[in-house]
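Below is one structure; the comments refer to it alone.
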Amino acid sequence: MKKDMLKLHIAVLIMSATPLFAKLITLPPTDIIAFRCLVAALTLLLFTRMTGTRLGLLRRADLGLLLLLGLLIAVHWISFFTAVQMSGVAISLIAVYTFPVMTVLMEPLFFDERIDRRDLTVALIVLVGVYLAVPGGIKGGRIAFGAALGIFSAFLYTLRNILYRKYLRRYPSSAMMFYQIAVAAVLLLPFVSPGIDLRADHRWIYIIVLGAIFTAVAHTLFADSLRTIRASTAGLIASLEPIYGMAFAAAVLSEIPAIKTVAGGIIVVGAAIYTSIRTGRTEI
């Protein structure tokens, strides 16, 4: 269990630095995510070959849903990277980390559950946190629009997780991650901007690192750690991601968040921690 706990901490630490690549790679988000998915899919495929891991065969009835999940994860990453480019790392992370509260609000639409009034209260608190984090609130122009994209990205991530949990839970999470990323790569590569010079600004190096380490390795470590670690504990540790991300952005990009942004982030992260502990779940 100590080994899996170490894997989890390393995975969260790595994933928290992922938003930096939206600024470090001087390409539009669609191009970045297309190459990210391609490298990650190839890395995961190589890993399965080296370890003898079987990906398993999907039932024909599940192929359409898998395509949908691949599309959701592709648009989720694109909208998130767009949010980072528009509003910065801190605000984007705060916005996207509304997904734990979105999850408990959306699950009753798919499962035989009732919405808890406490969740509605937490959702209102989260909205206050996001509003506080954005300079100028809803009138914050480009930054506010970036925050809205972050919330939209959180919605797509939430929907993807719920659909996986409801319909595809019988498949190994590692196999699902590979198939979804591979589908995303196939869907996005035709839309890559023509004539891209991957040698400029060290783009190809950043893309390989992003796809191989910050996507394939990080998500594999995270999923693997959940074998022995309680979901509530994993959710609590994963809630450190926005804090780590802000620290990385300050150190690497010199993005220092305003006091109000930090305060809003504390509110949102606090709500995410509360939700993770109370519901005893986490997402992959």
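Going by the structure tokens order, chains are called A, B, ..., each with residues numbered from 1, while ligands are numbered from 1 in the order shown.
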Residue contacts of segment 58-65 of chain A (10 Å, only C-alpha atoms) excluding same-chain residues fewer than 4 positions away, as a list in words: Leu69, Gly70, Leu71, Leu163, Tyr164, Tyr167, Leu168, Tyr171, Ala175, Met176 and Tyr179 of chain A
Near-segment 123-135 of chain A list (10 Å; only C-alpha atoms; drop same-chain fewer than 6 positions) as number ranges by chain: A: 87, 90-92, 94-98, 100-102, 104-105, 117, 141, 143-148, 151, 257-272
Proximity to Leu253 of chain A - best of A:Val39, A:Ala22, A:Ile32, A:Leu68, only C-alpha atoms: A:Ala22
Contact residues around Thr103 of chain A with only C-alpha atoms at 10 Å, ignoring same-chain residues under 2 positions, as an MDAnalysis selection string: chainID A and resid 98:101 105:108 119 154:155 157:159 161:162 275 281:283
Can I get the selection written as a PDB file, in the first residue's frame, with C-alpha atoms?
ATOM      1  CA  THR A  98     -15.490  22.083 -10.108  1.00  0.00           C
ATOM      2  CA  PHE A  99     -15.882  18.550 -11.518  1.00  0.00           C
ATOM      3  CA  PRO A 100     -16.202  16.715  -8.147  1.00  0.00           C
ATOM      4  CA  VAL A 101     -19.276  18.781  -7.283  1.00  0.00           C
ATOM      5  CA  LEU A 105     -25.086  16.682  -9.091  1.00  0.00           C
ATOM      6  CA  MET A 106     -25.126  14.823 -12.426  1.00  0.00           C
ATOM      7  CA  GLU A 107     -25.012  11.233 -11.207  1.00  0.00           C
ATOM      8  CA  PRO A 108     -28.697  11.151 -10.176  1.00  0.00           C
ATOM      9  CA  ASP A 119     -24.607  18.992  -2.696  1.00  0.00           C
ATOM     10  CA  ALA A 154     -15.036  20.084 -16.130  1.00  0.00           C
ATOM     11  CA  PHE A 155     -18.528  19.227 -17.398  1.00  0.00           C
ATOM     12  CA  TYR A 157     -14.758  15.346 -17.842  1.00  0.00           C
ATOM     13  CA  THR A 158     -17.624  14.645 -15.452  1.00  0.00           C
ATOM     14  CA  LEU A 159     -19.813  13.264 -18.229  1.00  0.00           C
ATOM     15  CA  ASN A 161     -16.400   9.626 -15.997  1.00  0.00           C
ATOM     16  CA  ILE A 162     -20.099   8.944 -15.367  1.00  0.00           C
ATOM     17  CA  THR A 275     -17.154  16.058  -1.695  1.00  0.00           C
ATOM     18  CA  ARG A 281     -15.111   8.408  -4.816  1.00  0.00           C
ATOM     19  CA  THR A 282     -12.467   9.631  -7.157  1.00  0.00           C
ATOM     20  CA  GLU A 283     -12.128   9.779 -10.931  1.00  0.00           C
TER      21      GLU A 283
END
Surrounding residues of Ala11 of chain A excluding itself and chain neighbours under 2 positions, 12 Å, only C-alpha atoms, as a ChimeraX atom specification: /A:4-9,13-18,213-226,234,237-238,240-241,244,284
Residues as selected, C-alpha atoms, written as a JSON list (two decimals), in the first residue's frame, can you do that?
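Now in out25.json:
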[["chain", "number", "residue", "atom", "x", "y", "z"],
["A", 4, "ASP", "CA", 0.75, 2.55, -4.29],
["A", 5, "MET", "CA", 0.52, 5.67, -2.13],
["A", 6, "LEU", "CA", 3.86, 6.80, -3.53],
["A", 7, "LYS", "CA", 2.58, 6.13, -7.07],
["A", 8, "LEU", "CA", -0.49, 8.24, -6.35],
["A", 9, "HIS", "CA", 1.51, 11.19, -5.01],
["A", 13, "LEU", "CA", 2.42, 15.86, -8.80],
["A", 14, "ILE", "CA", 3.08, 15.13, -12.48],
["A", 15, "MET", "CA", -0.48, 15.82, -13.61],
["A", 16, "SER", "CA", -0.54, 19.14, -11.74],
["A", 17, "ALA", "CA", 2.21, 20.44, -14.05],
["A", 18, "THR", "CA", 0.38, 19.42, -17.23],
["A", 213, "ILE", "CA", 5.32, 11.19, -19.13],
["A", 214, "PHE", "CA", 2.60, 13.70, -18.26],
["A", 215, "THR", "CA", -0.18, 11.65, -19.86],
["A", 216, "ALA", "CA", 0.65, 7.96, -20.32],
["A", 217, "VAL", "CA", 2.88, 7.47, -17.27],
["A", 218, "ALA", "CA", 0.92, 9.79, -14.96],
["A", 219, "HIS", "CA", -2.49, 8.27, -15.71],
["A", 220, "THR", "CA", -1.11, 4.72, -15.52],
["A", 221, "LEU", "CA", 0.38, 5.40, -12.09],
["A", 222, "PHE", "CA", -2.85, 6.99, -10.91],
["A", 223, "ALA", "CA", -5.05, 4.12, -12.09],
["A", 224, "ASP", "CA", -2.62, 1.52, -10.76],
["A", 225, "SER", "CA", -2.51, 3.13, -7.30],
["A", 226, "LEU", "CA", -6.28, 2.72, -6.88],
["A", 234, "ALA", "CA", -7.22, 9.20, -3.54],
["A", 237, "ILE", "CA", -4.70, 13.62, -2.43],
["A", 238, "ALA", "CA", -5.83, 14.51, -5.95],
["A", 240, "LEU", "CA", -3.74, 18.94, -4.09],
["A", 241, "GLU", "CA", -3.45, 19.21, -7.88],
["A", 244, "TYR", "CA", 0.73, 22.10, -6.99],
["A", 284, "ILE", "CA", -9.50, 8.60, -13.38]]
Residue set, segment 140-181 of chain A restricted to helix (DSSP H, G or I), as a PyMOL selection string: chain A and resi 142-167+173-181
Saved selection, atoms kept: N, CA and C atoms, as a compact mmCIF listing (two decimals), in the first residue's frame:
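Below is the file part08.txt, written as the result:
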# COMPACT_ATOMS: atom_id res chain seq x y z
N ARG A 142 -11.69 38.34 -21.45
CA ARG A 142 -10.99 37.14 -21.92
C ARG A 142 -10.73 36.16 -20.78
N ILE A 143 -10.38 36.67 -19.61
CA ILE A 143 -10.09 35.79 -18.48
C ILE A 143 -11.36 35.08 -18.03
N ALA A 144 -12.47 35.82 -17.99
CA ALA A 144 -13.75 35.21 -17.59
C ALA A 144 -14.18 34.15 -18.60
N PHE A 145 -13.96 34.42 -19.89
CA PHE A 145 -14.32 33.44 -20.91
C PHE A 145 -13.45 32.19 -20.76
N GLY A 146 -12.18 32.39 -20.42
CA GLY A 146 -11.30 31.25 -20.18
C GLY A 146 -11.78 30.41 -19.00
N ALA A 147 -12.25 31.08 -17.94
CA ALA A 147 -12.78 30.37 -16.79
C ALA A 147 -14.03 29.58 -17.17
N ALA A 148 -14.88 30.18 -18.02
CA ALA A 148 -16.08 29.50 -18.48
C ALA A 148 -15.70 28.25 -19.28
N LEU A 149 -14.65 28.34 -20.09
CA LEU A 149 -14.18 27.17 -20.82
C LEU A 149 -13.67 26.10 -19.86
N GLY A 150 -13.04 26.54 -18.77
CA GLY A 150 -12.58 25.59 -17.76
C GLY A 150 -13.74 24.84 -17.13
N ILE A 151 -14.83 25.55 -16.86
CA ILE A 151 -16.03 24.91 -16.30
C ILE A 151 -16.65 23.96 -17.32
N PHE A 152 -16.67 24.37 -18.59
CA PHE A 152 -17.16 23.49 -19.66
C PHE A 152 -16.30 22.24 -19.76
N SER A 153 -14.99 22.40 -19.62
CA SER A 153 -14.08 21.26 -19.63
C SER A 153 -14.38 20.32 -18.47
N ALA A 154 -14.69 20.90 -17.30
CA ALA A 154 -15.04 20.08 -16.13
C ALA A 154 -16.32 19.29 -16.39
N PHE A 155 -17.27 19.91 -17.07
CA PHE A 155 -18.53 19.23 -17.40
C PHE A 155 -18.27 18.02 -18.30
N LEU A 156 -17.43 18.20 -19.32
CA LEU A 156 -17.12 17.10 -20.24
C LEU A 156 -16.40 15.98 -19.51
N TYR A 157 -15.49 16.34 -18.62
CA TYR A 157 -14.76 15.35 -17.84
C TYR A 157 -15.70 14.57 -16.94
N THR A 158 -16.63 15.28 -16.32
CA THR A 158 -17.62 14.65 -15.45
C THR A 158 -18.50 13.67 -16.24
N LEU A 159 -18.97 14.11 -17.40
CA LEU A 159 -19.81 13.26 -18.23
C LEU A 159 -19.07 12.02 -18.68
N ARG A 160 -17.83 12.19 -19.05
CA ARG A 160 -17.01 11.05 -19.48
C ARG A 160 -16.85 10.04 -18.34
N ASN A 161 -16.58 10.52 -17.14
CA ASN A 161 -16.40 9.63 -16.00
C ASN A 161 -17.68 8.87 -15.66
N ILE A 162 -18.82 9.57 -15.70
CA ILE A 162 -20.10 8.94 -15.37
C ILE A 162 -20.47 7.87 -16.40
N LEU A 163 -20.28 8.19 -17.67
CA LEU A 163 -20.59 7.21 -18.72
C LEU A 163 -19.69 5.97 -18.60
N TYR A 164 -18.42 6.20 -18.30
CA TYR A 164 -17.51 5.06 -18.11
C TYR A 164 -17.97 4.20 -16.93
N ARG A 165 -18.30 4.85 -15.82
CA ARG A 165 -18.70 4.12 -14.62
C ARG A 165 -20.01 3.36 -14.82
N LYS A 166 -20.91 3.91 -15.61
CA LYS A 166 -22.22 3.27 -15.80
C LYS A 166 -22.18 2.13 -16.82
N TYR A 167 -21.43 2.33 -17.90
CA TYR A 167 -21.53 1.38 -19.01
C TYR A 167 -20.27 0.54 -19.27
N SER A 173 -9.29 -0.17 -16.29
CA SER A 173 -9.14 1.27 -16.50
C SER A 173 -7.97 1.59 -17.42
N SER A 174 -6.90 0.80 -17.35
CA SER A 174 -5.74 1.05 -18.21
C SER A 174 -6.09 0.83 -19.67
N ALA A 175 -6.88 -0.21 -19.95
CA ALA A 175 -7.31 -0.47 -21.32
C ALA A 175 -8.22 0.64 -21.82
N MET A 176 -9.13 1.08 -20.96
CA MET A 176 -10.04 2.16 -21.34
C MET A 176 -9.28 3.45 -21.63
N MET A 177 -8.25 3.71 -20.84
CA MET A 177 -7.47 4.92 -21.05
C MET A 177 -6.78 4.87 -22.42
N PHE A 178 -6.22 3.71 -22.75
CA PHE A 178 -5.56 3.57 -24.05
C PHE A 178 -6.55 3.76 -25.19
N TYR A 179 -7.67 3.07 -25.13
CA TYR A 179 -8.64 3.15 -26.23
C TYR A 179 -9.17 4.57 -26.40
N GLN A 180 -9.47 5.24 -25.29
CA GLN A 180 -10.00 6.61 -25.38
C GLN A 180 -8.98 7.57 -25.99
N ILE A 181 -7.74 7.46 -25.54
CA ILE A 181 -6.70 8.35 -26.06
C ILE A 181 -6.43 8.05 -27.53
